[in-house]
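One file, target29.cif, is given below (mmCIF, C-alpha atoms).
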data_query
loop_
_atom_site.group_PDB
_atom_site.id
_atom_site.type_symbol
_atom_site.label_atom_id
_atom_site.label_comp_id
_atom_site.auth_asym_id
_atom_site.auth_seq_id
_atom_site.Cartn_x
_atom_site.Cartn_y
_atom_site.Cartn_z
ATOM 1 C CA MET P 1 168.303 -138.649 29.417
ATOM 2 C CA THR P 2 167.370 -142.170 28.454
ATOM 3 C CA TRP P 3 165.710 -145.208 29.995
ATOM 4 C CA THR P 4 167.444 -148.535 30.455
ATOM 5 C CA VAL P 5 165.786 -151.697 31.766
ATOM 6 C CA ALA P 6 167.548 -154.768 33.115
ATOM 7 C CA PRO P 7 166.839 -157.766 35.350
ATOM 8 C CA GLU P 8 167.679 -157.207 38.986
ATOM 9 C CA PRO P 9 167.569 -159.439 42.062
ATOM 10 C CA ALA P 10 164.455 -158.734 44.114
ATOM 11 C CA ASP P 11 166.614 -158.287 47.209
ATOM 12 C CA SER P 12 168.911 -155.615 45.736
ATOM 13 C CA SER P 13 168.977 -152.214 47.390
ATOM 14 C CA ALA P 14 167.451 -150.584 44.264
ATOM 15 C CA ALA P 15 164.623 -153.153 44.186
ATOM 16 C CA ALA P 16 163.954 -152.704 47.907
ATOM 17 C CA ALA P 17 163.784 -148.913 47.588
ATOM 18 C CA LEU P 18 161.438 -149.107 44.599
ATOM 19 C CA TRP P 19 159.230 -151.711 46.334
ATOM 20 C CA ARG P 20 158.955 -149.400 49.354
ATOM 21 C CA ALA P 21 158.030 -146.428 47.157
ATOM 22 C CA TYR P 22 155.529 -148.519 45.155
ATOM 23 C CA TYR P 23 153.829 -150.033 48.173
ATOM 24 C CA THR P 24 153.729 -146.740 50.062
ATOM 25 C CA GLU P 25 152.073 -144.979 47.137
ATOM 26 C CA ILE P 26 149.449 -147.608 46.288
ATOM 27 C CA SER P 27 148.634 -148.218 49.933
ATOM 28 C CA ASP P 28 148.359 -144.529 50.770
ATOM 29 C CA ARG P 29 146.185 -143.912 47.702
ATOM 30 C CA TYR P 30 143.854 -146.728 48.775
ATOM 31 C CA TYR P 31 143.544 -145.626 52.398
ATOM 32 C CA LEU P 32 143.193 -141.938 51.562
ATOM 33 C CA LEU P 33 140.393 -142.742 49.114
ATOM 34 C CA HIS P 34 138.534 -145.233 51.321
ATOM 35 C CA GLU P 35 139.368 -144.231 54.886
ATOM 36 C CA GLY P 36 140.760 -140.692 54.705
ATOM 37 C CA ARG P 37 144.113 -141.666 56.185
ATOM 38 C CA ARG P 38 147.590 -142.772 55.166
ATOM 39 C CA THR P 39 148.927 -146.269 55.689
ATOM 40 C CA ASP P 40 149.738 -147.124 59.294
ATOM 41 C CA PRO P 41 153.571 -147.307 59.538
ATOM 42 C CA ALA P 42 153.506 -150.713 61.252
ATOM 43 C CA GLU P 43 151.269 -152.129 58.510
ATOM 44 C CA LEU P 44 153.537 -150.639 55.868
ATOM 45 C CA GLU P 45 156.591 -152.355 57.357
ATOM 46 C CA ARG P 46 154.768 -155.714 57.624
ATOM 47 C CA GLU P 47 153.574 -155.615 54.023
ATOM 48 C CA ILE P 48 156.940 -154.519 52.667
ATOM 49 C CA ALA P 49 158.571 -157.458 54.446
ATOM 50 C CA VAL P 50 155.939 -159.929 53.156
ATOM 51 C CA GLY P 51 156.211 -158.711 49.568
ATOM 52 C CA ALA P 52 159.936 -159.269 49.251
ATOM 53 C CA GLY P 53 159.584 -160.578 45.683
ATOM 54 C CA ALA P 54 160.758 -164.190 45.926
ATOM 55 C CA GLU P 55 158.229 -165.104 43.188
ATOM 56 C CA LEU P 56 160.028 -162.730 40.814
ATOM 57 C CA THR P 57 163.105 -164.914 40.330
ATOM 58 C CA PRO P 58 163.982 -167.176 37.403
ATOM 59 C CA PRO P 59 162.983 -169.607 36.075
ATOM 60 C CA LYS P 60 159.347 -168.646 36.745
ATOM 61 C CA GLY P 61 159.659 -164.945 37.362
ATOM 62 C CA GLN P 62 161.758 -161.866 36.866
ATOM 63 C CA LEU P 63 162.027 -158.407 38.353
ATOM 64 C CA LEU P 64 163.062 -155.673 35.957
ATOM 65 C CA ILE P 65 164.385 -152.321 37.112
ATOM 66 C CA ALA P 66 164.249 -149.224 34.939
ATOM 67 C CA ARG P 67 166.851 -146.551 35.317
ATOM 68 C CA TYR P 68 166.475 -143.021 34.065
ATOM 69 C CA GLY P 69 169.758 -141.220 33.614
ATOM 70 C CA GLY P 70 171.383 -144.130 35.434
ATOM 71 C CA GLU P 71 169.242 -143.820 38.575
ATOM 72 C CA PRO P 72 166.679 -146.472 39.657
ATOM 73 C CA ALA P 73 163.312 -145.030 38.638
ATOM 74 C CA GLY P 74 160.832 -147.862 38.118
ATOM 75 C CA SER P 75 160.125 -151.548 38.306
ATOM 76 C CA VAL P 76 157.965 -154.303 36.889
ATOM 77 C CA GLY P 77 157.601 -157.964 37.738
ATOM 78 C CA ILE P 78 156.687 -160.968 35.618
ATOM 79 C CA ARG P 79 155.403 -164.261 37.053
ATOM 80 C CA LEU P 80 154.854 -167.310 34.887
ATOM 81 C CA LEU P 81 151.523 -168.774 36.040
ATOM 82 C CA ASP P 82 151.414 -171.719 33.639
ATOM 83 C CA ALA P 83 153.039 -172.731 30.356
ATOM 84 C CA ASP P 84 151.132 -170.082 28.389
ATOM 85 C CA THR P 85 150.269 -167.318 30.868
ATOM 86 C CA ALA P 86 152.421 -164.764 32.645
ATOM 87 C CA GLU P 87 151.245 -162.098 35.069
ATOM 88 C CA LEU P 88 152.396 -158.490 34.997
ATOM 89 C CA THR P 89 152.844 -157.136 38.513
ATOM 90 C CA ARG P 90 154.403 -154.252 40.451
ATOM 91 C CA VAL P 91 154.417 -151.814 37.562
ATOM 92 C CA PHE P 92 155.799 -148.634 39.081
ATOM 93 C CA VAL P 93 157.473 -145.454 37.880
ATOM 94 C CA HIS P 94 158.761 -143.054 40.496
ATOM 95 C CA GLU P 95 156.696 -139.875 40.640
ATOM 96 C CA SER P 96 159.703 -137.668 39.875
ATOM 97 C CA VAL P 97 160.063 -139.155 36.362
ATOM 98 C CA ARG P 98 156.464 -139.803 35.377
ATOM 99 C CA GLY P 99 155.434 -138.541 31.971
ATOM 100 C CA LYS P 100 158.810 -139.415 30.441
ATOM 101 C CA GLY P 101 157.796 -142.779 28.904
ATOM 102 C CA GLY P 102 159.030 -145.047 31.675
ATOM 103 C CA GLY P 103 155.791 -147.000 32.090
ATOM 104 C CA ARG P 104 155.692 -147.844 28.396
ATOM 105 C CA VAL P 105 159.382 -148.861 28.417
ATOM 106 C CA LEU P 106 158.865 -151.087 31.459
ATOM 107 C CA VAL P 107 155.756 -152.838 30.162
ATOM 108 C CA ARG P 108 157.359 -153.475 26.757
ATOM 109 C CA ALA P 109 160.427 -154.968 28.477
ATOM 110 C CA ALA P 110 158.148 -157.131 30.615
ATOM 111 C CA GLU P 111 156.354 -158.363 27.495
ATOM 112 C CA GLU P 112 159.687 -159.400 25.971
ATOM 113 C CA THR P 113 160.638 -161.182 29.194
ATOM 114 C CA ALA P 114 157.309 -163.023 29.250
ATOM 115 C CA ARG P 115 157.836 -164.093 25.615
ATOM 116 C CA ALA P 116 161.311 -165.365 26.550
ATOM 117 C CA PHE P 117 159.657 -167.456 29.292
ATOM 118 C CA GLY P 118 157.399 -168.938 26.590
ATOM 119 C CA ALA P 119 154.193 -167.139 27.594
ATOM 120 C CA ALA P 120 151.552 -166.619 24.931
ATOM 121 C CA ARG P 121 149.657 -163.975 26.917
ATOM 122 C CA LEU P 122 150.032 -161.549 29.783
ATOM 123 C CA ILE P 123 147.377 -160.883 32.381
ATOM 124 C CA LEU P 124 147.182 -158.303 35.134
ATOM 125 C CA ASP P 125 144.809 -156.746 37.594
ATOM 126 C CA THR P 126 144.583 -153.249 38.955
ATOM 127 C CA ARG P 127 142.353 -150.999 41.008
ATOM 128 C CA HIS P 128 139.770 -148.522 39.802
ATOM 129 C CA ASP P 129 141.596 -145.538 41.341
ATOM 130 C CA LEU P 130 144.816 -146.312 39.453
ATOM 131 C CA VAL P 131 143.520 -144.530 36.372
ATOM 132 C CA GLU P 132 146.996 -143.817 35.005
ATOM 133 C CA ALA P 133 147.805 -147.527 34.998
ATOM 134 C CA ARG P 134 144.544 -148.454 33.296
ATOM 135 C CA ALA P 135 145.140 -145.811 30.604
ATOM 136 C CA LEU P 136 148.672 -147.119 30.008
ATOM 137 C CA TYR P 137 147.521 -150.732 29.655
ATOM 138 C CA THR P 138 144.749 -149.774 27.243
ATOM 139 C CA HIS P 139 147.163 -147.648 25.202
ATOM 140 C CA LEU P 140 149.566 -150.623 24.953
ATOM 141 C CA GLY P 141 146.903 -152.976 23.617
ATOM 142 C CA TYR P 142 145.645 -154.676 26.766
ATOM 143 C CA GLU P 143 141.945 -155.463 26.806
ATOM 144 C CA GLU P 144 139.762 -155.511 29.879
ATOM 145 C CA THR P 145 138.420 -158.985 30.649
ATOM 146 C CA ALA P 146 136.359 -160.848 33.210
ATOM 147 C CA PRO P 147 138.091 -161.419 36.568
ATOM 148 C CA HIS P 148 140.859 -164.004 36.567
ATOM 149 C CA ASN P 149 141.440 -163.929 40.323
ATOM 150 C CA ASP P 150 139.655 -163.031 43.527
ATOM 151 C CA ASP P 151 142.149 -160.499 44.870
ATOM 152 C CA VAL P 152 140.251 -158.242 47.250
ATOM 153 C CA TYR P 153 141.898 -155.118 45.808
ATOM 154 C CA ALA P 154 141.491 -156.026 42.116
ATOM 155 C CA GLU P 155 138.725 -154.159 40.305
ATOM 156 C CA HIS P 156 139.887 -154.353 36.684
ATOM 157 C CA TRP P 157 141.488 -157.280 34.866
ATOM 158 C CA PHE P 158 143.372 -157.084 31.578
ATOM 159 C CA THR P 159 144.961 -159.460 29.097
ATOM 160 C CA LYS P 160 147.145 -159.169 26.018
ATOM 161 C CA PRO P 161 148.201 -161.872 23.583
ATOM 162 C CA LEU P 162 151.973 -161.987 23.073
ATOM 163 C CA ARG P 163 152.046 -163.970 19.847
#
Just give me the structure as structure tokens.
Amino acid sequence: MTWTVAPEPADSSAAAALWRAYYTEISDRYYLLHEGRRTDPAELEREIAVGAGAELTPPKGQLLIARYGGEPAGSVGIRLLDADTAELTRVFVHESVRGKGGGRVLVRAAEETARAFGAARLILDTRHDLVEARALYTHLGYEETAPHNDDVYAEHWFTKPLR
């Protein structure tokens, strides 16, 4: 089977399902680590509704959906922050297809999208417990930097020049 990646509206059914899976996983991982519980269902529904992805629409953003064997299997978002800087966000590969190269395919596609937007560099943040993500970013040439935001959940910040 092969991976394909293409732009997709943030309100598509595939995007909504992947956003739900992404948010459920990162939220549950956080709460299990810090509070010994899963995400409260009401909180989950509120946050899924808030994070609908409106910022991931052209001309300043894009949501990309990866399909594996034709089925939606991952997502990544790009947001243009200024003329030179884009942010990588919502990098997610469904658990059932992890280890098959999807993260690498998604991030590379996001880099190309950011270049097409005119960005000279990509930045991102992630949490300490998301060790798989940090390993992927390092493997793809991202370097850890000083904080570039004050997000309460961000513990590691990365950047990569695109030119």
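Of the residues listed (P:Leu106, P:Ala133, P:Ile48, P:Ala120), P:Ala120 shows the shortest atom-to-atom separation from Ala86 of chain P; distances use only C-alpha atoms.
Between Val50 of chain P and the candidates P:Ala73, P:Ala16, P:Leu64, P:Ala135, the tightest atom-to-atom separation, counting all atoms listed in the file, involves P:Ala16.
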Quote the spacing between atom CA of Lys100 of chain P and atom CA of Thr2 of chain P in Å to one decimal place. 9.2 Å
Residues around (138.7, -160.5, 36.8), cut-off 12 Å, counting all atoms listed in the file - what are they as a PDB file with C-alpha atoms, keeping the file's coordinate frame?
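Below is the file point.pdb, written as the result:
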ATOM      1  CA  ILE P 123     147.377-160.883  32.381  1.00  0.00           C
ATOM      2  CA  LEU P 124     147.182-158.303  35.134  1.00  0.00           C
ATOM      3  CA  ASP P 125     144.809-156.746  37.594  1.00  0.00           C
ATOM      4  CA  THR P 126     144.583-153.249  38.955  1.00  0.00           C
ATOM      5  CA  ARG P 127     142.353-150.999  41.008  1.00  0.00           C
ATOM      6  CA  GLU P 143     141.945-155.463  26.806  1.00  0.00           C
ATOM      7  CA  GLU P 144     139.762-155.511  29.879  1.00  0.00           C
ATOM      8  CA  THR P 145     138.420-158.985  30.649  1.00  0.00           C
ATOM      9  CA  ALA P 146     136.359-160.848  33.210  1.00  0.00           C
ATOM     10  CA  PRO P 147     138.091-161.419  36.568  1.00  0.00           C
ATOM     11  CA  HIS P 148     140.859-164.004  36.567  1.00  0.00           C
ATOM     12  CA  ASN P 149     141.440-163.929  40.323  1.00  0.00           C
ATOM     13  CA  ASP P 150     139.655-163.031  43.527  1.00  0.00           C
ATOM     14  CA  ASP P 151     142.149-160.499  44.870  1.00  0.00           C
ATOM     15  CA  VAL P 152     140.251-158.242  47.250  1.00  0.00           C
ATOM     16  CA  TYR P 153     141.898-155.118  45.808  1.00  0.00           C
ATOM     17  CA  ALA P 154     141.491-156.026  42.116  1.00  0.00           C
ATOM     18  CA  GLU P 155     138.725-154.159  40.305  1.00  0.00           C
ATOM     19  CA  HIS P 156     139.887-154.353  36.684  1.00  0.00           C
ATOM     20  CA  TRP P 157     141.488-157.280  34.866  1.00  0.00           C
ATOM     21  CA  PHE P 158     143.372-157.084  31.578  1.00  0.00           C
ATOM     22  CA  THR P 159     144.961-159.460  29.097  1.00  0.00           C
TER      23      THR P 159
END
Could you work out an axis-aligned bounding box for all listed atoms of segment 15-31 of chain P, with 4 Å added on each of the six sides, and give its centre and edge lengths in Å to one decimal, as AutoDock Vina command-line options?
--center_x 154.1 --center_y -148.5 --center_z 48.3 --size_x 29.1 --size_y 17.2 --size_z 16.2
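Comparing the minimum interatomic distances between Tyr23 of chain P and each of P:Leu122, P:Val93, P:Leu80, P:Ala116, counting all atoms listed in the file, we find that P:Val93 sits nearest.
Proximity of P:Thr138, P:Ser12, P:Thr57, P:Ser27 to Pro72 of chain P, computed with all atoms listed in the file, is greatest for P:Ser12.
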Go ahead and compute the interatomic distance for atom CA of Glu71 of chain P and atom CA of Leu136 of chain P, in Å to one decimal. 22.5 Å
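In this model, the gap between atom CA of Glu45 of chain P and atom CA of Leu130 of chain P comes to 22.3 Å.
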Could you give me, as a PyMOL selection string, the residues that sit within 6 Å of (161.8, -151.3, 40.3) in the file's coordinates, counting all atoms listed in the file? chain P and resi 15+18+65+74-76
Please dump the current selection as a tab-separated table (two decimals), in the coordinates of the input; keep C-alpha atoms.
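Written file, part.tsv:
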chain	number	residue	atom	x	y	z
P	15	ALA	CA	164.62	-153.15	44.19
P	18	LEU	CA	161.44	-149.11	44.60
P	65	ILE	CA	164.38	-152.32	37.11
P	74	GLY	CA	160.83	-147.86	38.12
P	75	SER	CA	160.12	-151.55	38.31
P	76	VAL	CA	157.96	-154.30	36.89
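Residue nearest Trp19 of chain P, chosen from P:Ala42, P:Ala6, P:Val105, P:Leu63 and counting only C-alpha atoms: P:Leu63.
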Answer key for the PyMOL selection byres ((chain P and resi 61) around 12), residues as a PyMOL selection string: chain P and resi 7-10+53-60+62-64+76-82+85-89+110+113-119
List as number ranges by chain the protein and nucleic acid residues near Gly69 of chain P, meaning an atom at most 9 Å away when all atoms listed in the file are counted, but skip any in the same chain fewer than 5 places from it. P: 1-4
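Across P:Ala21, P:Ala14, P:Leu33, P:Ala66, the tightest approach to Gly101 of chain P is made by P:Ala66 when counting all atoms listed in the file.
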